[in-house]
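Structure below is final_16.pdb: PDB, C-alpha atoms (C1' of nucleotides).
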ATOM      1  CA  MET A 495      -2.776 -25.144 -16.158
ATOM      2  CA  GLY A 496      -6.300 -25.017 -17.586
ATOM      3  CA  GLY A 497      -7.218 -23.058 -20.703
ATOM      4  CA  MET A 498      -4.041 -21.079 -20.809
ATOM      5  CA  ARG A 499      -1.307 -21.380 -23.369
ATOM      6  CA  ARG A 500       1.831 -23.106 -22.253
ATOM      7  CA  THR A 501       4.587 -20.496 -22.265
ATOM      8  CA  LYS A 502       8.045 -20.679 -20.808
ATOM      9  CA  GLN A 503       7.174 -17.773 -18.533
ATOM     10  CA  ARG A 504       4.280 -19.634 -16.973
ATOM     11  CA  GLU A 505       6.269 -22.837 -16.711
ATOM     12  CA  ALA A 506       9.061 -21.044 -14.932
ATOM     13  CA  ILE A 507       6.740 -19.282 -12.506
ATOM     14  CA  LEU A 508       4.778 -22.400 -11.667
ATOM     15  CA  ASN A 509       7.948 -24.408 -11.230
ATOM     16  CA  GLU A 510       9.335 -21.957  -8.723
ATOM     17  CA  LEU A 511       6.138 -22.154  -6.728
ATOM     18  CA  LEU A 512       6.086 -25.949  -6.818
ATOM     19  CA  ASN A 513       9.735 -26.363  -5.923
ATOM     20  CA  ALA A 514      10.001 -23.695  -3.234
ATOM     21  CA  ASP A 515      10.299 -24.705   0.408
ATOM     22  CA  GLY A 516       7.882 -21.986   1.442
ATOM     23  CA  PRO A 517       5.476 -19.431   0.045
ATOM     24  CA  LEU A 518       6.948 -16.855  -2.341
ATOM     25  CA  SER A 519       6.221 -13.173  -2.826
ATOM     26  CA  VAL A 520       5.863 -11.580  -6.247
ATOM     27  CA  ALA A 521       9.355 -10.143  -5.959
ATOM     28  CA  GLU A 522      10.795 -13.532  -4.966
ATOM     29  CA  ILE A 523       9.070 -15.296  -7.863
ATOM     30  CA  HIS A 524      10.250 -12.619 -10.256
ATOM     31  CA  GLU A 525      13.818 -12.909  -9.071
ATOM     32  CA  ARG A 526      13.946 -16.705  -9.043
ATOM     33  CA  ALA A 527      12.092 -17.355 -12.282
ATOM     34  CA  GLY A 528      14.073 -14.554 -13.902
ATOM     35  CA  CYS A 529      17.318 -16.488 -13.368
ATOM     36  CA  GLY A 530      16.480 -19.022 -16.047
ATOM     37  CA  LEU A 531      14.514 -16.544 -18.062
ATOM     38  CA  PRO A 532      16.220 -13.141 -18.209
ATOM     39  CA  GLY A 533      13.900 -10.294 -19.082
ATOM     40  CA  LEU A 534      10.882 -11.811 -17.406
ATOM     41  CA  GLY A 535       8.546  -8.902 -16.768
ATOM     42  CA  ILE A 536       7.018  -8.206 -13.400
ATOM     43  CA  ALA A 537       3.607  -7.761 -15.022
ATOM     44  CA  THR A 538       3.782 -11.317 -16.291
ATOM     45  CA  VAL A 539       4.373 -12.542 -12.772
ATOM     46  CA  TYR A 540       1.334 -10.653 -11.530
ATOM     47  CA  ARG A 541      -0.798 -11.902 -14.420
ATOM     48  CA  THR A 542       0.253 -15.506 -13.998
ATOM     49  CA  ILE A 543      -0.335 -15.467 -10.259
ATOM     50  CA  LYS A 544      -3.780 -14.048 -10.834
ATOM     51  CA  ALA A 545      -4.614 -16.742 -13.381
ATOM     52  CA  LEU A 546      -3.270 -19.533 -11.188
ATOM     53  CA  ARG A 547      -5.329 -18.263  -8.300
ATOM     54  CA  GLU A 548      -8.497 -18.072 -10.371
ATOM     55  CA  GLU A 549      -8.137 -21.640 -11.505
ATOM     56  CA  GLY A 550      -7.493 -22.732  -7.924
ATOM     57  CA  GLY A 551      -3.889 -23.883  -8.282
ATOM     58  CA  ILE A 552      -2.325 -21.568  -5.730
ATOM     59  CA  SER A 553      -3.482 -19.638  -2.692
ATOM     60  CA  VAL A 554      -2.395 -16.547  -0.792
ATOM     61  CA  VAL A 555      -0.369 -16.630   2.406
ATOM     62  CA  GLU A 556      -0.415 -13.480   4.492
ATOM     63  CA  LEU A 557       2.255 -13.005   7.147
ATOM     64  CA  PRO A 558       2.282 -10.142   9.636
ATOM     65  CA  GLY A 559       3.709  -7.001   8.076
ATOM     66  CA  GLU A 560       4.714  -8.740   4.845
ATOM     67  CA  GLU A 561       3.566  -8.635   1.244
ATOM     68  CA  PRO A 562       1.283 -11.443   0.154
ATOM     69  CA  ARG A 563       2.979 -14.720  -0.671
ATOM     70  CA  TYR A 564       1.748 -17.627  -2.758
ATOM     71  CA  GLU A 565       1.893 -21.395  -2.423
ATOM     72  CA  PRO A 566       0.356 -24.407  -4.178
ATOM     73  CA  VAL A 567      -2.986 -25.508  -2.743
ATOM     74  CA  GLY A 568      -3.316 -28.865  -1.046
ATOM     75  CA  LEU A 569      -0.481 -28.565   1.427
ATOM     76  CA  GLY A 570      -2.841 -29.156   4.320
ATOM     77  CA  HIS A 571      -2.717 -27.420   7.680
ATOM     78  CA  HIS A 572       0.717 -25.974   8.260
ATOM     79  CA  HIS A 573       2.520 -22.888   9.487
ATOM     80  CA  HIS A 574       5.513 -20.801   8.510
ATOM     81  CA  PHE A 575       8.934 -19.910   9.767
ATOM     82  CA  ARG A 576      10.485 -16.580   8.953
ATOM     83  CA  CYS A 577      14.272 -16.312   9.139
ATOM     84  CA  ARG A 578      15.295 -12.914  10.500
ATOM     85  CA  SER A 579      18.710 -13.272   8.918
ATOM     86  CA  CYS A 580      18.104 -14.270   5.291
ATOM     87  CA  GLU A 581      14.475 -13.091   5.362
ATOM     88  CA  GLN A 582      13.195 -16.220   3.712
ATOM     89  CA  THR A 583       9.930 -17.885   4.632
ATOM     90  CA  PHE A 584       9.734 -21.662   5.072
ATOM     91  CA  ASP A 585       6.965 -24.197   5.482
ATOM     92  CA  LEU A 586       6.746 -26.048   8.782
ATOM     93  CA  GLU A 587       4.979 -29.306   9.447
ATOM     94  CA  VAL A 588       4.578 -28.765  13.162
ATOM     95  CA  CYS A 589       1.451 -27.199  14.604
ATOM     96  CA  PRO A 590       2.083 -26.460  18.264
ATOM     97  CA  VAL A 591      -1.291 -24.787  18.782
ATOM     98  CA  GLY A 592      -3.433 -26.743  21.202
ATOM     99  CA  ILE A 593      -6.762 -25.194  20.274
ATOM    100  CA  PRO A 594      -9.110 -27.349  18.217
ATOM    101  CA  THR A 595     -11.684 -25.656  15.992
ATOM    102  CA  GLY A 596     -14.874 -25.102  17.978
ATOM    103  CA  THR A 597     -13.126 -24.241  21.232
ATOM    104  CA  THR A 598     -14.564 -21.321  23.164
ATOM    105  CA  LEU A 599     -11.970 -19.282  25.023
ATOM    106  CA  PRO A 600     -12.406 -17.277  28.228
ATOM    107  CA  GLY A 601     -14.189 -14.148  27.094
ATOM    108  CA  GLY A 602     -16.521 -16.095  24.830
ATOM    109  CA  TYR A 603     -14.317 -16.180  21.752
ATOM    110  CA  SER A 604     -15.334 -19.066  19.506
ATOM    111  CA  VAL A 605     -12.265 -20.231  17.601
ATOM    112  CA  GLU A 606     -12.564 -21.424  14.019
ATOM    113  CA  ASP A 607      -9.033 -21.143  12.816
ATOM    114  CA  HIS A 608      -5.574 -19.812  13.533
ATOM    115  CA  SER A 609      -2.459 -18.450  11.894
ATOM    116  CA  LEU A 610       0.980 -18.928  13.403
ATOM    117  CA  THR A 611       4.309 -17.540  12.290
ATOM    118  CA  LEU A 612       7.558 -18.512  13.994
ATOM    119  CA  TYR A 613      10.584 -16.244  13.863
ATOM    120  CA  GLY A 614      14.265 -16.993  14.290
ATOM    121  CA  ARG A 615      17.197 -18.334  12.241
ATOM    122  CA  CYS A 616      17.040 -21.022   9.624
ATOM    123  CA  SER A 617      19.655 -23.784   9.680
ATOM    124  CA  ALA A 618      21.772 -22.177   6.954
ATOM    125  CA  CYS A 619      21.914 -18.938   8.928
ATOM    126  CA  VAL A 620      22.597 -20.605  12.288
ATOM    127  CA  LYS A 621      25.616 -22.663  11.170
ATOM    128  CA  PRO A 622      28.214 -20.025  10.153
TER     129      PRO A 622
ATOM    130  CA  MET B1421       2.745  12.288  27.346
ATOM    131  CA  GLY B1422       6.209  13.840  27.381
ATOM    132  CA  GLY B1423       6.959  17.282  25.950
ATOM    133  CA  MET B1424       3.754  17.563  23.999
ATOM    134  CA  ARG B1425       0.956  19.981  24.662
ATOM    135  CA  ARG B1426      -2.133  18.564  26.246
ATOM    136  CA  THR B1427      -4.895  18.884  23.663
ATOM    137  CA  LYS B1428      -8.305  17.298  23.597
ATOM    138  CA  GLN B1429      -7.376  15.508  20.392
ATOM    139  CA  ARG B1430      -4.413  13.766  22.010
ATOM    140  CA  GLU B1431      -6.376  12.979  25.123
ATOM    141  CA  ALA B1432      -9.124  11.411  23.063
ATOM    142  CA  ILE B1433      -6.733   9.343  20.960
ATOM    143  CA  LEU B1434      -4.723   8.111  23.935
ATOM    144  CA  ASN B1435      -7.898   7.283  25.836
ATOM    145  CA  GLU B1436      -9.206   5.138  23.027
ATOM    146  CA  LEU B1437      -5.943   3.219  22.941
ATOM    147  CA  LEU B1438      -5.874   2.750  26.706
ATOM    148  CA  ASN B1439      -9.510   1.696  26.971
ATOM    149  CA  ALA B1440      -9.704  -0.559  23.935
ATOM    150  CA  ASP B1441      -9.898  -4.317  24.390
ATOM    151  CA  GLY B1442      -7.449  -4.861  21.554
ATOM    152  CA  PRO B1443      -5.088  -3.046  19.236
ATOM    153  CA  LEU B1444      -6.641  -0.328  17.050
ATOM    154  CA  SER B1445      -5.939   0.713  13.484
ATOM    155  CA  VAL B1446      -5.660   4.331  12.418
ATOM    156  CA  ALA B1447      -9.147   4.184  10.938
ATOM    157  CA  GLU B1448     -10.552   2.659  14.128
ATOM    158  CA  ILE B1449      -8.922   5.297  16.307
ATOM    159  CA  HIS B1450     -10.166   8.032  14.016
ATOM    160  CA  GLU B1451     -13.699   6.725  14.129
ATOM    161  CA  ARG B1452     -13.820   6.118  17.864
ATOM    162  CA  ALA B1453     -12.064   9.255  19.005
ATOM    163  CA  GLY B1454     -14.097  11.214  16.465
ATOM    164  CA  CYS B1455     -17.323  10.314  18.280
ATOM    165  CA  GLY B1456     -16.578  12.584  21.193
ATOM    166  CA  LEU B1457     -14.658  15.015  19.045
ATOM    167  CA  PRO B1458     -16.372  15.624  15.715
ATOM    168  CA  GLY B1459     -14.108  16.989  13.018
ATOM    169  CA  LEU B1460     -11.024  15.186  14.292
ATOM    170  CA  GLY B1461      -8.633  15.077  11.348
ATOM    171  CA  ILE B1462      -7.020  11.897  10.147
ATOM    172  CA  ALA B1463      -3.660  13.670   9.977
ATOM    173  CA  THR B1464      -3.882  14.380  13.676
ATOM    174  CA  VAL B1465      -4.372  10.693  14.364
ATOM    175  CA  TYR B1466      -1.278   9.849  12.340
ATOM    176  CA  ARG B1467       0.757  12.594  14.006
ATOM    177  CA  THR B1468      -0.286  11.578  17.486
ATOM    178  CA  ILE B1469       0.407   7.908  16.892
ATOM    179  CA  LYS B1470       3.845   8.783  15.595
ATOM    180  CA  ALA B1471       4.597  10.905  18.630
ATOM    181  CA  LEU B1472       3.322   8.280  21.055
ATOM    182  CA  ARG B1473       5.464   5.679  19.365
ATOM    183  CA  GLU B1474       8.568   7.833  19.509
ATOM    184  CA  GLU B1475       8.176   8.397  23.203
ATOM    185  CA  GLY B1476       7.632   4.683  23.736
ATOM    186  CA  GLY B1477       4.041   4.751  24.929
ATOM    187  CA  ILE B1478       2.552   2.544  22.240
ATOM    188  CA  SER B1479       3.769  -0.136  19.874
ATOM    189  CA  VAL B1480       2.734  -1.584  16.536
ATOM    190  CA  VAL B1481       0.802  -4.809  16.123
ATOM    191  CA  GLU B1482       0.871  -6.411  12.690
ATOM    192  CA  LEU B1483      -1.750  -8.998  11.830
ATOM    193  CA  PRO B1484      -1.771 -11.041   8.623
ATOM    194  CA  GLY B1485      -3.223  -9.051   5.750
ATOM    195  CA  GLU B1486      -4.265  -6.127   7.955
ATOM    196  CA  GLU B1487      -3.179  -2.528   8.377
ATOM    197  CA  PRO B1488      -0.921  -1.834  11.345
ATOM    198  CA  ARG B1489      -2.643  -1.555  14.707
ATOM    199  CA  TYR B1490      -1.457   0.088  17.888
ATOM    200  CA  GLU B1491      -1.594  -0.819  21.562
ATOM    201  CA  PRO B1492      -0.090   0.505  24.793
ATOM    202  CA  VAL B1493       3.294  -0.988  25.662
ATOM    203  CA  GLY B1494       3.703  -3.204  28.703
ATOM    204  CA  LEU B1495       0.956  -5.676  28.021
ATOM    205  CA  GLY B1496       3.398  -8.575  28.119
ATOM    206  CA  HIS B1497       3.344 -11.636  25.914
ATOM    207  CA  HIS B1498      -0.106 -12.072  24.416
ATOM    208  CA  HIS B1499      -1.925 -12.855  21.194
ATOM    209  CA  HIS B1500      -4.951 -11.638  19.311
ATOM    210  CA  PHE B1501      -8.370 -12.799  18.261
ATOM    211  CA  ARG B1502      -9.950 -11.522  15.086
ATOM    212  CA  CYS B1503     -13.741 -11.731  14.791
ATOM    213  CA  ARG B1504     -14.744 -12.576  11.249
ATOM    214  CA  SER B1505     -18.193 -11.124  11.820
ATOM    215  CA  CYS B1506     -17.630  -7.676  13.351
ATOM    216  CA  GLU B1507     -14.014  -7.524  12.176
ATOM    217  CA  GLN B1508     -12.762  -6.349  15.525
ATOM    218  CA  THR B1509      -9.461  -7.439  17.027
ATOM    219  CA  PHE B1510      -9.239  -8.439  20.691
ATOM    220  CA  ASP B1511      -6.450  -9.176  23.134
ATOM    221  CA  LEU B1512      -6.135 -12.719  24.457
ATOM    222  CA  GLU B1513      -4.338 -13.818  27.575
ATOM    223  CA  VAL B1514      -3.851 -17.401  26.462
ATOM    224  CA  CYS B1515      -0.704 -18.543  24.702
ATOM    225  CA  PRO B1516      -1.299 -22.043  23.393
ATOM    226  CA  VAL B1517       2.061 -22.267  21.645
ATOM    227  CA  GLY B1518       4.252 -24.908  23.214
ATOM    228  CA  ILE B1519       7.549 -23.751  21.756
ATOM    229  CA  PRO B1520       9.929 -22.022  24.157
ATOM    230  CA  THR B1521      12.454 -19.570  22.769
ATOM    231  CA  GLY B1522      15.626 -21.414  21.872
ATOM    232  CA  THR B1523      13.895 -24.516  20.566
ATOM    233  CA  THR B1524      15.299 -25.996  17.382
ATOM    234  CA  LEU B1525      12.678 -27.546  15.115
ATOM    235  CA  PRO B1526      13.081 -30.411  12.649
ATOM    236  CA  GLY B1527      14.803 -28.813   9.681
ATOM    237  CA  GLY B1528      17.156 -26.849  11.922
ATOM    238  CA  TYR B1529      14.960 -23.845  12.507
ATOM    239  CA  SER B1530      16.004 -22.033  15.676
ATOM    240  CA  VAL B1531      12.950 -20.336  17.154
ATOM    241  CA  GLU B1532      13.240 -16.977  18.865
ATOM    242  CA  ASP B1533       9.709 -15.755  18.816
ATOM    243  CA  HIS B1534       6.220 -16.287  17.451
ATOM    244  CA  SER B1535       3.061 -14.503  16.400
ATOM    245  CA  LEU B1536      -0.355 -16.117  16.675
ATOM    246  CA  THR B1537      -3.717 -14.853  15.517
ATOM    247  CA  LEU B1538      -6.926 -16.737  16.233
ATOM    248  CA  TYR B1539      -9.975 -16.315  14.025
ATOM    249  CA  GLY B1540     -13.644 -16.915  14.725
ATOM    250  CA  ARG B1541     -16.594 -15.139  16.345
ATOM    251  CA  CYS B1542     -16.476 -12.954  19.411
ATOM    252  CA  SER B1543     -19.071 -13.466  22.136
ATOM    253  CA  ALA B1544     -21.246 -10.580  20.929
ATOM    254  CA  CYS B1545     -21.355 -12.051  17.427
ATOM    255  CA  VAL B1546     -21.973 -15.626  18.591
ATOM    256  CA  LYS B1547     -25.017 -14.868  20.769
ATOM    257  CA  PRO B1548     -27.650 -13.507  18.318
TER     258      PRO B1548
ATOM    259  C1'  DG C 759       4.766 -22.669 -42.879
ATOM    260  C1'  DT C 760       0.915 -19.509 -42.277
ATOM    261  C1'  DC C 761      -2.572 -17.392 -39.757
ATOM    262  C1'  DT C 762      -4.814 -15.681 -35.704
ATOM    263  C1'  DA C 763      -5.546 -14.818 -31.160
ATOM    264  C1'  DA C 764      -3.378 -15.017 -26.696
ATOM    265  C1'  DT C 765       0.771 -13.502 -24.261
ATOM    266  C1'  DT C 766       4.645 -10.756 -23.354
ATOM    267  C1'  DG C 767       7.544  -6.680 -21.595
ATOM    268  C1'  DA C 768       7.681  -1.848 -20.858
ATOM    269  C1'  DT C 769       5.538   1.531 -18.732
ATOM    270  C1'  DA C 770       1.598   4.522 -17.658
ATOM    271  C1'  DA C 771      -2.173   4.681 -14.547
ATOM    272  C1'  DT C 772      -4.398   3.502 -10.337
ATOM    273  C1'  DT C 773      -5.015   2.593  -5.519
ATOM    274  C1'  DC C 774      -4.319   3.114  -0.798
ATOM    275  C1'  DG C 775      -1.893   4.166   3.234
ATOM    276  C1'  DT C 776       0.982   7.653   4.979
ATOM    277  C1'  DT C 777       3.486  12.122   5.217
ATOM    278  C1'  DA C 778       4.169  17.124   4.089
ATOM    279  C1'  DT C 779       2.368  21.728   3.546
ATOM    280  C1'  DC C 780       0.040  25.721   5.070
ATOM    281  C1'  DG C 781      -3.188  28.936   6.916
ATOM    282  C1'  DT C 782      -6.048  28.987  11.185
ATOM    283  C1'  DA C 783      -6.892  27.833  16.022
ATOM    284  C1'  DA C 784      -5.641  26.780  20.542
ATOM    285  C1'  DA C 785      -2.264  25.846  24.446
ATOM    286  C1'  DC C 786       1.303  27.401  27.469
ATOM    287  C1'  DT C 787       4.164  31.533  29.388
ATOM    288  C1'  DA C 788       4.861  35.802  31.425
TER     289       DA C 788
ATOM    290  C1'  DT D 693      -4.631  39.032  28.955
ATOM    291  C1'  DA D 694      -1.310  39.331  25.279
ATOM    292  C1'  DG D 695       2.179  37.087  22.885
ATOM    293  C1'  DT D 696       4.450  33.159  21.129
ATOM    294  C1'  DT D 697       4.688  28.746  19.558
ATOM    295  C1'  DT D 698       2.762  24.334  18.902
ATOM    296  C1'  DA D 699      -1.032  21.752  17.127
ATOM    297  C1'  DC D 700      -5.013  21.416  14.211
ATOM    298  C1'  DG D 701      -7.742  20.249   9.870
ATOM    299  C1'  DA D 702      -7.882  20.161   4.951
ATOM    300  C1'  DT D 703      -5.735  18.632   1.292
ATOM    301  C1'  DA D 704      -1.817  18.065  -1.774
ATOM    302  C1'  DA D 705       2.071  15.100  -2.364
ATOM    303  C1'  DC D 706       4.318  10.850  -1.875
ATOM    304  C1'  DG D 707       5.687   5.774  -2.130
ATOM    305  C1'  DA D 708       4.838   1.189  -2.926
ATOM    306  C1'  DA D 709       2.187  -2.454  -4.664
ATOM    307  C1'  DT D 710      -0.855  -3.682  -8.245
ATOM    308  C1'  DT D 711      -3.425  -3.221 -12.594
ATOM    309  C1'  DA D 712      -4.249  -1.461 -17.348
ATOM    310  C1'  DT D 713      -2.575  -0.255 -21.902
ATOM    311  C1'  DC D 714      -0.437  -1.296 -26.191
ATOM    312  C1'  DA D 715       2.762  -2.537 -29.784
ATOM    313  C1'  DA D 716       5.560  -6.578 -30.622
ATOM    314  C1'  DT D 717       6.061 -11.569 -30.051
ATOM    315  C1'  DT D 718       4.741 -16.323 -29.860
ATOM    316  C1'  DA D 719       1.876 -20.548 -29.124
ATOM    317  C1'  DG D 720      -1.274 -23.480 -31.108
ATOM    318  C1'  DA D 721      -4.527 -24.755 -35.069
ATOM    319  C1'  DC D 722      -4.910 -25.630 -39.791
TER     320       DC D 722
END

Write out the structure in this file as structure tokens.
Amino acid sequence: MGGMRRTKQREAILNELLNADGPLSVAEIHERAGCGLPGLGIATVYRTIKALREEGGISVVELPGEEPRYEPVGLGHHHHFRCRSCEQTFDLEVCPVGIPTGTTLPGGYSVEDHSLTLYGRCSACVKP
Amino acid sequence: MGGMRRTKQREAILNELLNADGPLSVAEIHERAGCGLPGLGIATVYRTIKALREEGGISVVELPGEEPRYEPVGLGHHHHFRCRSCEQTFDLEVCPVGIPTGTTLPGGYSVEDHSLTLYGRCSACVKP
DNA sequence: GTCTAATTGATAATTCGTTATCGTAAACTA
DNA sequence: TAGTTTACGATAACGAATTATCAATTAGAC
């Protein structure tokens, strides 16, 4: 982290983001980082996220109807899976969208980009 | 519309939804219906949308990072295109997602459903 | 260890979308 | 048409997420 002081709060927050298997919301970061650091304030989570974003370390992930989530930059093109049971969001490597950038669709829509979210049950929620 | 009175406000709002080429937000409905009906109140738009939803005539469409939008029910499986220039949202017929319901992905994710949004320029914004 | 400025946690304030309130206007009924 | 009841528009109130404030704490420099 650039010109910021190294505090245990920021370490904890960044670690959760780096170790997560999907993008995390403010509430999720607060809950997870707060496990090893009781008393962690929600304002600190907001402040740290803002700082990490400004220095380009993390980026926002928006899913339909959800609060913003955050993930480290540099993950490359990927999509997300939302478990309807445990309500966690996971990274996926697959990209089953057969529309390269530059394609023009019927109707004249020139495609630059896309966002895909898959819904269902994660493995932990399917097993039991 | 079921047990509601037939007012010009409700006619105008329902017409905009039926004639639109994509789902509309509350602000978009208010603006469009307000053209032929100056003075249309925003509360009336909210009330009418709520009533139409309760009687099953329209449903919500959530796009990443956007306010809820509304569209008539019965359109079948489809996705949406968001123009980054005019910021309008359009219906698409294509579904370029090759993942049938019931598929299990690497990692054990059991897929039930998906939501896809394409981004780019609509034909009107590409031409000029 | 001491000093100083950045950071923290608690919480007040803000923002924005939505809902509730209320007096006036308009739609259905007889 | 007159009467009754629903709907309207304006705006206050609300809820949830985010940001600002501020006294107390702590990291980093000397």

Task: Explicit residue set for the PyMOL selection byres ((chain A and resi 560) around 12), as a PyMOL selection string - done: (chain A and resi 517-521+554-559+561-563+576+581-583+611) or (chain B and resi 1482-1488) or (chain D and resi 709)

For a quick test of understanding: name the residues of chain B lying within 12 Å of chain D when counting only C-alpha atoms (C1' of nucleotides), and present them as a compact mmCIF listing (two decimals) with C-alpha atoms, keeping the file's coordinate frame.
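Printed below is iface_18.txt as written:
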# COMPACT_ATOMS: atom_id res chain seq x y z
CA GLY B 1423 6.96 17.28 25.95
CA MET B 1424 3.75 17.56 24.00
CA ARG B 1425 0.96 19.98 24.66
CA ARG B 1426 -2.13 18.56 26.25
CA THR B 1427 -4.89 18.88 23.66
CA LYS B 1428 -8.30 17.30 23.60
CA GLN B 1429 -7.38 15.51 20.39
CA ARG B 1430 -4.41 13.77 22.01
CA PRO B 1458 -16.37 15.62 15.72
CA GLY B 1459 -14.11 16.99 13.02
CA LEU B 1460 -11.02 15.19 14.29
CA GLY B 1461 -8.63 15.08 11.35
CA ILE B 1462 -7.02 11.90 10.15
CA ALA B 1463 -3.66 13.67 9.98
CA THR B 1464 -3.88 14.38 13.68
CA VAL B 1465 -4.37 10.69 14.36
CA ARG B 1467 0.76 12.59 14.01
CA THR B 1468 -0.29 11.58 17.49

TODO: Counting only C-alpha atoms (C1' of nucleotides), collect the residues of chain C whose closest atom lies at most 9 Å from chain A, and write them out as a ChimeraX atom specification.
DONE: /C:764-768

TODO: Run the PyMOL selection byres ((chain B) within 12 of (chain A)) mentally over the shown coordinates, then write out the matched residues as number ranges by chain, using the chain letters and numbers from the document.
DONE: B: 1441, 1480-1489, 1499-1505, 1508-1547

TODO: Using only C-alpha atoms (C1' of nucleotides), find the one residue out of B:Tyr1466, B:Leu1472, B:Ser1479, B:Ala1432 that sits nearest to C:DT777.
DONE: B:Tyr1466

TODO: Using atom CA of B:Ile1478 and atom C1' of C:DT773 as the two end points, give the distance in Å to one decimal.
DONE: 28.8 Å

Task: Between atom C1' of C:DA783 and atom CA of B:Leu1438, distance in Å (one decimal) - done: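 If I compute the distance from atom C1' of C:DA783 to atom CA of B:Leu1438, I get 27.3 Å.
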
Starting from 6 Å padding per side, set up an axis-aligned box that covers all listed atoms of stretch 1506-1522 of chain B and hand over centre and edge lengths in Å, one decimal, as JSON.
{"center_x": -1.0, "center_y": -15.6, "center_z": 19.9, "size_x": 45.3, "size_y": 30.6, "size_z": 27.4}

Task: Point-to-point distance from atom CA of B:Ala1453 to atom CA of B:Asn1435, Å rounded to tenths - done: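 Computing the Euclidean distance for atom CA of B:Ala1453 and atom CA of B:Asn1435 yields 8.2 Å.
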